Structures are given as C-alpha cells and as structure tokens.
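This report refers to the structure that appears directly beneath it.
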Amino acid sequence: MLPFCDQDQSDLRVQVRAWAEKWLFDRSDEDIDQRARRLVRQLGQESFLNYVIAKDYGGARSQVQARDLCILREELARGDALADAMFAMQALGSYPLTRAGNDEQKSRYLPVIARGNCIAAFALTEAEAGSDVASLATRAIRHGNGFRLTGIKRFISNSGIADSYIVFASTNPDLRGRGISAFIVDATTPGLIVKEKTALLSPHPVGVISLDNCNVHEDTLIGKEGQGLQIAFQTLDLLRCTVGAAAVGLAQRALEEAIQYGKQRRQFGRAIAEFQGNAFKLAEMATDLEAARLLVYQAAWARDCGDDNAKQKSSMAKLYATEAAQRIVDQALQIHGANGLIAGCITERLYRDVRALRIYEGTSEIQKLIIARELLK
Ligand SMILES: Cc1cc2nc3c(=O)[nH]c(=O)nc-3n(C[C@H](O)[C@H](O)[C@H](O)COP(=O)(O)OP(=O)(O)OC[C@H]3O[C@@H](n4cnc5c(N)ncnc54)[C@H](O)[C@@H]3O)c2cc1C
C-alpha cells in the first residue's frame, strides 16, 4: 500500500505501472512533436487524463487530487519522461480553468482536454520574467469587445502542438502582480505565432510564442481582471509536489537499472554489485529515494486534506525529490561505467531527463525561499 494513499489510489498505481511497462519502455523513432501528440491521445484513451479535471466535466473525482497526479506522474516518468511531461501539461494547462473559469469555459475545454483531443499549454515565462513572474511585460489592452494581447513568451511547453494556451498578461502594469490577468486563447487565434521551437538537453516540445496584436474576446478572460497571478500560483501550488513525483519515477527507474546492471556486470571475477563500494551506493540511492517518495506523498496528502502547511510541504517535496533524483541518476550512471554514457541508452536518457526538474515550476532556490518564508513568518 502506498503511504498517504487509499486503496483506490494504490490500484491506480498498479494500473498505470502495467500500462507504462507495456507502452513506454520501448522508445519509438517518431519525432518529438509526433510522439508528444500520440502520447496525449493515448493518455486520454486510457482515461488517465480524467484525473486532471473534476467529475462535473467528465473527470474521475469530484475534485482534482494531488495524490492521483503524483501516482500518474511517478509511474509515467518511470517509463518515459515525455509521457510524464505531456500528462503534466494537460493538468497545468487546464487547472486555471478548473479553479477560476466560468461554466462555459469549463464545458468547452475541460472535457476535450481530458479526452486528449485538446493539447493544453500554460504561457507565463518571459525573457525578463522567469522566477520573478510578477515582472512580466506582456500587455492585454482593452480593445473592442475584448483585449489585444502583445508580448513574447518563452520556454512554453507544447509550443506549436498545443490547441489552447493559458496566457498571462498585464491589464494594469502599475499594479505589477495584482495587475496580471489570465486568458484562454485558442492556438488558431490570429496573432498567436510560434516564433521558435527551442531544442533542450532532453527532448521536450518547448518554444517561443509571440502575441502580435492578438485580439481575444472578453469571454476568454479567466476569473476577473487582476486575478491572473493568483490563478497561476494556485495552479503551481497543486503541481509543485507532482514535479517531485516525476523525479521519484525517474530515480526509481535509475535505481532498478543500476541494481540489474550491478548484478550482471562482472569485473575482477565477480558481479560489481558484490563490491561493497557499489552495494553501499545502491543502499544510499534506495534510502534517498524512499525519503523523497515519502515527502512527495505526504505533501500531496496535505494538499488534498487542505492542511495549512501544504504549501511548505510541497516546496520541501519538490526541492528534496528533484535534488535526490539528480544524485540517484548520477550514481546509477556511475555504476554503469562507460556503458551508461552510450547515446540513447536508458541511463544516458535519465541523466538528461532529470535535469530540468530542478528548474521548471520554481527552481530549487525558489523552493528554499518559499520554505524559509513559511518558517520565518
Ligand atoms: C523543460 C522546461 C519546461 C518549461 N515549461 C514552461 C511552460 O510550459 N510555461 C512557462 O510559463 N514556463 C515554462 N518553463 C520556464 C520555467 O518555469 C522557468 O525556467 C523557471 O521559472 C525559472 O526561470 P528562469 O529559467 O528564467 O531562471 P531565473 O529566474 O533567471 O533564475 C536563474 C537562477 O537564479 C536563481 N534565482 C532567481 N531568483 C532568485 C532569488 N530570489 N533567490 C535565489 N536565487 C534566485 C534561480 O534559482 C536560478 O538558479 C519551462 C522550463 C523548462 C526548463
């Protein structure tokens, strides 16, 4: 039984694990966008995306649960980092609507996102607004029966393959963070242009979006004017511990690969796992992983229960799990020796896949700021 989870959630874990082992362990040669699109469709067909939206709009439960998202992210990441990323983006690109959208917006977007028929994106980051999102420069100026959006967003996951973007723009720059509003914008809206596909260390469909006098109707506004940053933070609060879960999934796979290789690879007449130096490495990796997993599921449980300390626990979980996963993957590669570096092999892939988790949705340093702020308030 998974700690902090009920039987239903433990069953979900068994189901996703079996699916991931069947469909994700062998990589196809498709290009990244094609593979990303296919994965979203498959996740929809398997009903896994039902966990990113609420029951009223076709979802699995009355409310979106962090523990469900963690289970899915952990098991998908154990199979394929891109499958995890595509799952996470359907949550990131829909939760602002779940939290603050009106019934019409929810009815239009949430069911299709859950079926995998609409790929979602979340466009917050800009060149001068990374960790400091309140300083974003994209403007939304009242125009006709809506707003005119102007600005450039970068590092936007699903750029070019998304069907809908949650766009954050300032309706009142004088108010800084309190002047930011959120909009749901269809990818086909004139003026929304994919300027660049950005190649990263690990394959991920990310890029630069330009909003070039992009006119949107008033009914694309999510919540009220000025609530955008609050909506963004509520969304990131839900997703934060789930990034830790993805890290746990990658680290779990790395540990399994290291154990298997350590037992099979022989040097000096014996399996390398028999050397105490390597056995101790495995013991430390397993202990680090277990600590990370417990922090992640504790944080998710705290969030689902509405615990006052959920925010701090989520930051601790993301910080610890992503840093631990980096250590574990590095040690797994060390145990593989040069074989672990061969391009395309699982350890080489994990080594590249794990790195971004310490950066996106709040860097490790930003998690420390959040934890310290809670301690010192
Ligand atoms: C794979 C990937 C996918 C992404 N997808 C999306 C997406 O879909 N949508 C989106 O909007 N964004 C996305 N991003 C962007 C991501 O959210 C930002 O990269 C992240 O918020 C950090 O911003 P930055 O990279 O500009 O770093 P900066 O903010 O420039 O930080 C640089 C360094 O300074 C440190 N630092 C900054 N401020 C402080 C401080 N006050 N105290 C201490 N240290 C500090 C940081 O921790 C970091 O080490 C994605 C990024 C990646 C890597």
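Following the order of the structure tokens, first chain is A, next is B, and so on, with residues numbered from 1 inside each chain and ligands from 1 in the order they appear.
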
Next item on the list: Select the residues contacting ligand 1 at a distance of at most 9 Å, based on only C-alpha atoms and all ligand atoms, then format the selection as number ranges by chain.
Entry: A: 85, 89, 92-93, 121-133, 153-159, 167-168, 200-207, 355-369

Check: Near Arg13 in chain A, counting only C-alpha atoms, which residues have an atom at most 9 Å away, once you skip same-chain residues fewer than 6 positions from it, shown as a list in words?
Finding: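 The filter keeps Leu2, Asp68, Ile71, Leu72, Glu74 and Glu75 of chain A.
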
Next item on the list: Enumerate as a ChimeraX atom specification all residues of range 107-299 of chain A assigned to strand (DSSP E or B) by DSSP on the backbone, naming them with the chain letters and numbers the document uses.
Entry: /A:120-123,126,129,139-143,146-157,164-170,180-186,192-198,206-217,221-222,266-267,270-271

Margin query: Report as a list in words all protein, DNA and RNA residues lying within 7 Å of Ile335 in chain A, evaluated on only C-alpha atoms, omitting residues in the same chain fewer than 4 positions from it.
Written below: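 Within the cut-off, the hits are Ala258, Gly262 and Gln331 of chain A.
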
Check: Distance CA of Cys214 in chain A-CA of Leu149 in chain A, one decimal place?
Finding: 4.9 Å

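Going from CA of Leu239 in chain A to CA of Thr198 in chain A covers 23.2 Å.
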
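Considering only C-alpha atoms, the residue among A:Ala20, A:Phe147, A:Leu238, A:Glu218 positioned nearest to Trp301 in chain A is A:Leu238.
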
Item checked: Spatial neighbours of range 51-62 of chain A, 12 Å, only C-alpha atoms, chain gap at least 2 places, as a PyMOL selection string -> chain A and resi 8-9+12+43-44+46-49+64-73+86-99+103-116+120+235+238-239+242+304

Same residues, C-alpha atoms, saved as a CSV table (one decimal), in the first residue's frame:
chain,number,residue,atom,x,y,z
A,8,ASP,CA,-8.3,3.1,-4.8
A,9,GLN,CA,-5.1,5.1,-5.4
A,12,LEU,CA,-4.5,3.2,-9.9
A,43,LEU,CA,-3.3,9.1,-22.1
A,44,GLY,CA,-6.8,10.3,-23.0
A,46,GLU,CA,-6.7,5.2,-21.2
A,47,SER,CA,-8.8,7.7,-19.1
A,48,PHE,CA,-5.6,8.7,-17.2
A,49,LEU,CA,-6.3,12.3,-18.2
A,64,VAL,CA,-8.6,17.1,-8.7
A,65,GLN,CA,-6.4,15.3,-6.3
A,66,ALA,CA,-2.7,15.9,-5.9
A,67,ARG,CA,-2.1,12.2,-4.9
A,68,ASP,CA,-3.7,10.9,-8.2
A,69,LEU,CA,-1.4,13.3,-10.2
A,70,CYS,CA,1.6,12.1,-8.2
A,71,ILE,CA,0.9,8.5,-8.8
A,72,LEU,CA,0.4,9.0,-12.5
A,73,ARG,CA,3.5,11.3,-12.8
A,86,MET,CA,2.6,15.5,-21.6
A,87,PHE,CA,0.4,14.4,-18.7
A,88,ALA,CA,1.6,17.2,-16.5
A,89,MET,CA,0.9,19.8,-19.2
A,90,GLN,CA,-2.7,18.7,-19.5
A,91,ALA,CA,-3.0,19.5,-15.8
A,92,LEU,CA,-1.1,22.7,-15.9
A,93,GLY,CA,-3.0,24.0,-19.0
A,94,SER,CA,-6.4,23.1,-17.5
A,95,TYR,CA,-6.3,23.8,-13.8
A,96,PRO,CA,-6.6,27.6,-14.2
A,97,LEU,CA,-10.0,26.9,-15.7
A,98,THR,CA,-10.9,24.4,-13.0
A,99,ARG,CA,-10.0,26.9,-10.4
A,103,ASP,CA,-19.1,27.2,-16.7
A,104,GLU,CA,-18.9,28.0,-20.4
A,105,GLN,CA,-15.1,27.9,-20.5
A,106,LYS,CA,-15.0,24.7,-18.4
A,107,SER,CA,-17.6,23.0,-20.6
A,108,ARG,CA,-15.8,23.9,-23.8
A,109,TYR,CA,-12.2,23.0,-22.8
A,110,LEU,CA,-12.1,20.5,-19.9
A,111,PRO,CA,-13.8,17.5,-21.4
A,112,VAL,CA,-11.7,17.7,-24.6
A,113,ILE,CA,-8.5,18.1,-22.6
A,114,ALA,CA,-9.4,15.0,-20.6
A,115,ARG,CA,-10.1,13.0,-23.7
A,116,GLY,CA,-6.7,14.0,-25.1
A,120,ALA,CA,-3.1,22.4,-23.4
A,235,THR,CA,-2.1,26.1,-10.3
A,238,LEU,CA,-1.1,22.0,-7.0
A,239,LEU,CA,1.5,20.9,-9.4
A,242,THR,CA,3.8,16.4,-8.6
A,304,ASP,CA,-5.7,17.1,-0.6

Check: Hey, what's within 12 Å of Asp308 in chain A if we count only C-alpha atoms and toss same-chain stuff fewer than 6 positions away? As a PyMOL selection string, please?
Finding: chain A and resi 299+301-302+314+374

So that I can check the secondary structure, give me every residue of range 131-240 of chain A assigned alpha helix (DSSP H) by backbone DSSP, as a PDB file with all heavy atoms, in the first residue's frame.
ATOM      1  N   GLY A 228      -4.962  37.063 -12.346  1.00  0.00           N
ATOM      2  CA  GLY A 228      -4.146  36.113 -13.107  1.00  0.00           C
ATOM      3  C   GLY A 228      -3.020  35.464 -12.316  1.00  0.00           C
ATOM      4  O   GLY A 228      -2.825  34.246 -12.373  1.00  0.00           O
ATOM      5  N   LEU A 229      -2.288  36.290 -11.559  1.00  0.00           N
ATOM      6  CA  LEU A 229      -1.135  35.729 -10.849  1.00  0.00           C
ATOM      7  C   LEU A 229      -1.578  34.778  -9.737  1.00  0.00           C
ATOM      8  O   LEU A 229      -0.964  33.730  -9.510  1.00  0.00           O
ATOM      9  CB  LEU A 229      -0.272  36.862 -10.274  1.00  0.00           C
ATOM     10  CG  LEU A 229       1.198  36.505 -10.078  1.00  0.00           C
ATOM     11  CD1 LEU A 229       1.824  35.972 -11.353  1.00  0.00           C
ATOM     12  CD2 LEU A 229       1.977  37.709  -9.580  1.00  0.00           C
ATOM     13  N   GLN A 230      -2.681  35.152  -9.097  1.00  0.00           N
ATOM     14  CA  GLN A 230      -3.239  34.281  -8.055  1.00  0.00           C
ATOM     15  C   GLN A 230      -3.630  32.923  -8.670  1.00  0.00           C
ATOM     16  O   GLN A 230      -3.354  31.862  -8.102  1.00  0.00           O
ATOM     17  CB  GLN A 230      -4.475  34.990  -7.495  1.00  0.00           C
ATOM     18  CG  GLN A 230      -5.086  34.374  -6.284  1.00  0.00           C
ATOM     19  CD  GLN A 230      -6.435  35.036  -5.971  1.00  0.00           C
ATOM     20  OE1 GLN A 230      -6.709  36.160  -6.382  1.00  0.00           O
ATOM     21  NE2 GLN A 230      -7.278  34.320  -5.265  1.00  0.00           N
ATOM     22  N   ILE A 231      -4.225  32.971  -9.858  1.00  0.00           N
ATOM     23  CA  ILE A 231      -4.629  31.735 -10.551  1.00  0.00           C
ATOM     24  C   ILE A 231      -3.384  30.918 -10.925  1.00  0.00           C
ATOM     25  O   ILE A 231      -3.342  29.698 -10.755  1.00  0.00           O
ATOM     26  CB  ILE A 231      -5.463  32.075 -11.812  1.00  0.00           C
ATOM     27  CG1 ILE A 231      -6.795  32.718 -11.407  1.00  0.00           C
ATOM     28  CG2 ILE A 231      -5.684  30.851 -12.687  1.00  0.00           C
ATOM     29  CD1 ILE A 231      -7.566  33.357 -12.562  1.00  0.00           C
ATOM     30  N   ALA A 232      -2.350  31.620 -11.397  1.00  0.00           N
ATOM     31  CA  ALA A 232      -1.099  30.921 -11.757  1.00  0.00           C
ATOM     32  C   ALA A 232      -0.506  30.250 -10.524  1.00  0.00           C
ATOM     33  O   ALA A 232      -0.102  29.078 -10.569  1.00  0.00           O
ATOM     34  CB  ALA A 232      -0.098  31.912 -12.352  1.00  0.00           C
ATOM     35  N   PHE A 233      -0.461  30.961  -9.399  1.00  0.00           N
ATOM     36  CA  PHE A 233       0.145  30.399  -8.185  1.00  0.00           C
ATOM     37  C   PHE A 233      -0.684  29.241  -7.628  1.00  0.00           C
ATOM     38  O   PHE A 233      -0.136  28.255  -7.141  1.00  0.00           O
ATOM     39  CB  PHE A 233       0.342  31.482  -7.120  1.00  0.00           C
ATOM     40  CG  PHE A 233       1.474  32.440  -7.435  1.00  0.00           C
ATOM     41  CD1 PHE A 233       1.503  33.720  -6.906  1.00  0.00           C
ATOM     42  CD2 PHE A 233       2.518  32.060  -8.267  1.00  0.00           C
ATOM     43  CE1 PHE A 233       2.546  34.600  -7.195  1.00  0.00           C
ATOM     44  CE2 PHE A 233       3.563  32.936  -8.569  1.00  0.00           C
ATOM     45  CZ  PHE A 233       3.572  34.211  -8.030  1.00  0.00           C
ATOM     46  N   GLN A 234      -2.018  29.352  -7.711  1.00  0.00           N
ATOM     47  CA  GLN A 234      -2.863  28.239  -7.241  1.00  0.00           C
ATOM     48  C   GLN A 234      -2.577  26.982  -8.077  1.00  0.00           C
ATOM     49  O   GLN A 234      -2.543  25.869  -7.570  1.00  0.00           O
ATOM     50  CB  GLN A 234      -4.345  28.609  -7.366  1.00  0.00           C
ATOM     51  CG  GLN A 234      -4.809  29.576  -6.290  1.00  0.00           C
ATOM     52  CD  GLN A 234      -6.165  30.191  -6.595  1.00  0.00           C
ATOM     53  OE1 GLN A 234      -6.654  30.133  -7.725  1.00  0.00           O
ATOM     54  NE2 GLN A 234      -6.776  30.785  -5.589  1.00  0.00           N
ATOM     55  N   THR A 235      -2.365  27.205  -9.365  1.00  0.00           N
ATOM     56  CA  THR A 235      -2.073  26.075 -10.263  1.00  0.00           C
ATOM     57  C   THR A 235      -0.707  25.483  -9.925  1.00  0.00           C
ATOM     58  O   THR A 235      -0.556  24.263  -9.799  1.00  0.00           O
ATOM     59  CB  THR A 235      -2.120  26.559 -11.730  1.00  0.00           C
ATOM     60  OG1 THR A 235      -3.404  27.132 -11.963  1.00  0.00           O
ATOM     61  CG2 THR A 235      -1.870  25.428 -12.705  1.00  0.00           C
ATOM     62  N   LEU A 236       0.283  26.351  -9.758  1.00  0.00           N
ATOM     63  CA  LEU A 236       1.633  25.860  -9.446  1.00  0.00           C
ATOM     64  C   LEU A 236       1.664  25.200  -8.066  1.00  0.00           C
ATOM     65  O   LEU A 236       2.391  24.230  -7.856  1.00  0.00           O
ATOM     66  CB  LEU A 236       2.648  27.010  -9.539  1.00  0.00           C
ATOM     67  CG  LEU A 236       2.806  27.569 -10.965  1.00  0.00           C
ATOM     68  CD1 LEU A 236       3.638  28.844 -10.980  1.00  0.00           C
ATOM     69  CD2 LEU A 236       3.415  26.536 -11.912  1.00  0.00           C
ATOM     70  N   ASP A 237       0.841  25.690  -7.138  1.00  0.00           N
ATOM     71  CA  ASP A 237       0.767  25.064  -5.806  1.00  0.00           C
ATOM     72  C   ASP A 237       0.302  23.611  -5.916  1.00  0.00           C
ATOM     73  O   ASP A 237       0.787  22.744  -5.202  1.00  0.00           O
ATOM     74  CB  ASP A 237      -0.210  25.827  -4.896  1.00  0.00           C
ATOM     75  CG  ASP A 237       0.424  27.076  -4.294  1.00  0.00           C
ATOM     76  OD1 ASP A 237       1.659  27.224  -4.412  1.00  0.00           O
ATOM     77  OD2 ASP A 237      -0.315  27.902  -3.726  1.00  0.00           O
ATOM     78  N   LEU A 238      -0.667  23.366  -6.804  1.00  0.00           N
ATOM     79  CA  LEU A 238      -1.140  21.985  -6.989  1.00  0.00           C
ATOM     80  C   LEU A 238      -0.047  21.124  -7.623  1.00  0.00           C
ATOM     81  O   LEU A 238       0.194  19.995  -7.210  1.00  0.00           O
ATOM     82  CB  LEU A 238      -2.390  21.957  -7.888  1.00  0.00           C
ATOM     83  CG  LEU A 238      -2.795  20.560  -8.386  1.00  0.00           C
ATOM     84  CD1 LEU A 238      -3.356  19.715  -7.237  1.00  0.00           C
ATOM     85  CD2 LEU A 238      -3.812  20.639  -9.517  1.00  0.00           C
ATOM     86  N   LEU A 239       0.612  21.688  -8.640  1.00  0.00           N
ATOM     87  CA  LEU A 239       1.537  20.873  -9.443  1.00  0.00           C
ATOM     88  C   LEU A 239       2.903  20.662  -8.793  1.00  0.00           C
ATOM     89  O   LEU A 239       3.619  19.730  -9.153  1.00  0.00           O
ATOM     90  CB  LEU A 239       1.724  21.526 -10.823  1.00  0.00           C
ATOM     91  CG  LEU A 239       0.765  21.113 -11.958  1.00  0.00           C
ATOM     92  CD1 LEU A 239       0.955  19.640 -12.295  1.00  0.00           C
ATOM     93  CD2 LEU A 239      -0.691  21.357 -11.667  1.00  0.00           C
ATOM     94  N   ARG A 240       3.259  21.538  -7.820  1.00  0.00           N
ATOM     95  CA  ARG A 240       4.635  21.531  -7.298  1.00  0.00           C
ATOM     96  C   ARG A 240       5.071  20.159  -6.774  1.00  0.00           C
ATOM     97  O   ARG A 240       6.108  19.639  -7.152  1.00  0.00           O
ATOM     98  CB  ARG A 240       4.760  22.587  -6.200  1.00  0.00           C
ATOM     99  CG  ARG A 240       6.178  22.838  -5.773  1.00  0.00           C
ATOM    100  CD  ARG A 240       6.260  24.106  -4.952  1.00  0.00           C
ATOM    101  NE  ARG A 240       5.917  25.274  -5.736  1.00  0.00           N
ATOM    102  CZ  ARG A 240       4.953  26.149  -5.428  1.00  0.00           C
ATOM    103  NH1 ARG A 240       4.248  26.005  -4.342  1.00  0.00           N
ATOM    104  NH2 ARG A 240       4.714  27.176  -6.206  1.00  0.00           N
TER     105      ARG A 240
END

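Counting from CA of Ala187 in chain A, the distance to CA of Val208 in chain A is 13.2 Å.
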
Checklist line | Spatial neighbours of Val185 in chain A, 9 Å, only C-alpha atoms, chain gap at least 3 places, as a list in words | finding: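 Once the adjacent positions are removed, what remains is Asp163, Ser164, Tyr165, Ile166, Val167, Thr188, Thr189, Leu192, Val216 and Thr220 of chain A.
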
Kindly save the residues from that selection, with C-alpha atoms included, as a PDB file, in the first residue's frame.
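What ended up in selection-v4.pdb:
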ATOM      1  CA  ASP A 163      -4.605  23.654 -29.190  1.00  0.00           C
ATOM      2  CA  SER A 164      -5.153  26.064 -26.296  1.00  0.00           C
ATOM      3  CA  TYR A 165      -2.882  28.337 -24.277  1.00  0.00           C
ATOM      4  CA  ILE A 166      -3.490  29.871 -20.862  1.00  0.00           C
ATOM      5  CA  VAL A 167      -1.849  33.259 -21.387  1.00  0.00           C
ATOM      6  CA  THR A 188      -5.710  29.296 -34.126  1.00  0.00           C
ATOM      7  CA  THR A 189      -6.324  32.871 -32.921  1.00  0.00           C
ATOM      8  CA  LEU A 192      -0.662  33.954 -31.790  1.00  0.00           C
ATOM      9  CA  VAL A 216      -9.284  37.963 -27.927  1.00  0.00           C
ATOM     10  CA  THR A 220     -11.582  34.474 -22.828  1.00  0.00           C
TER      11      THR A 220
END
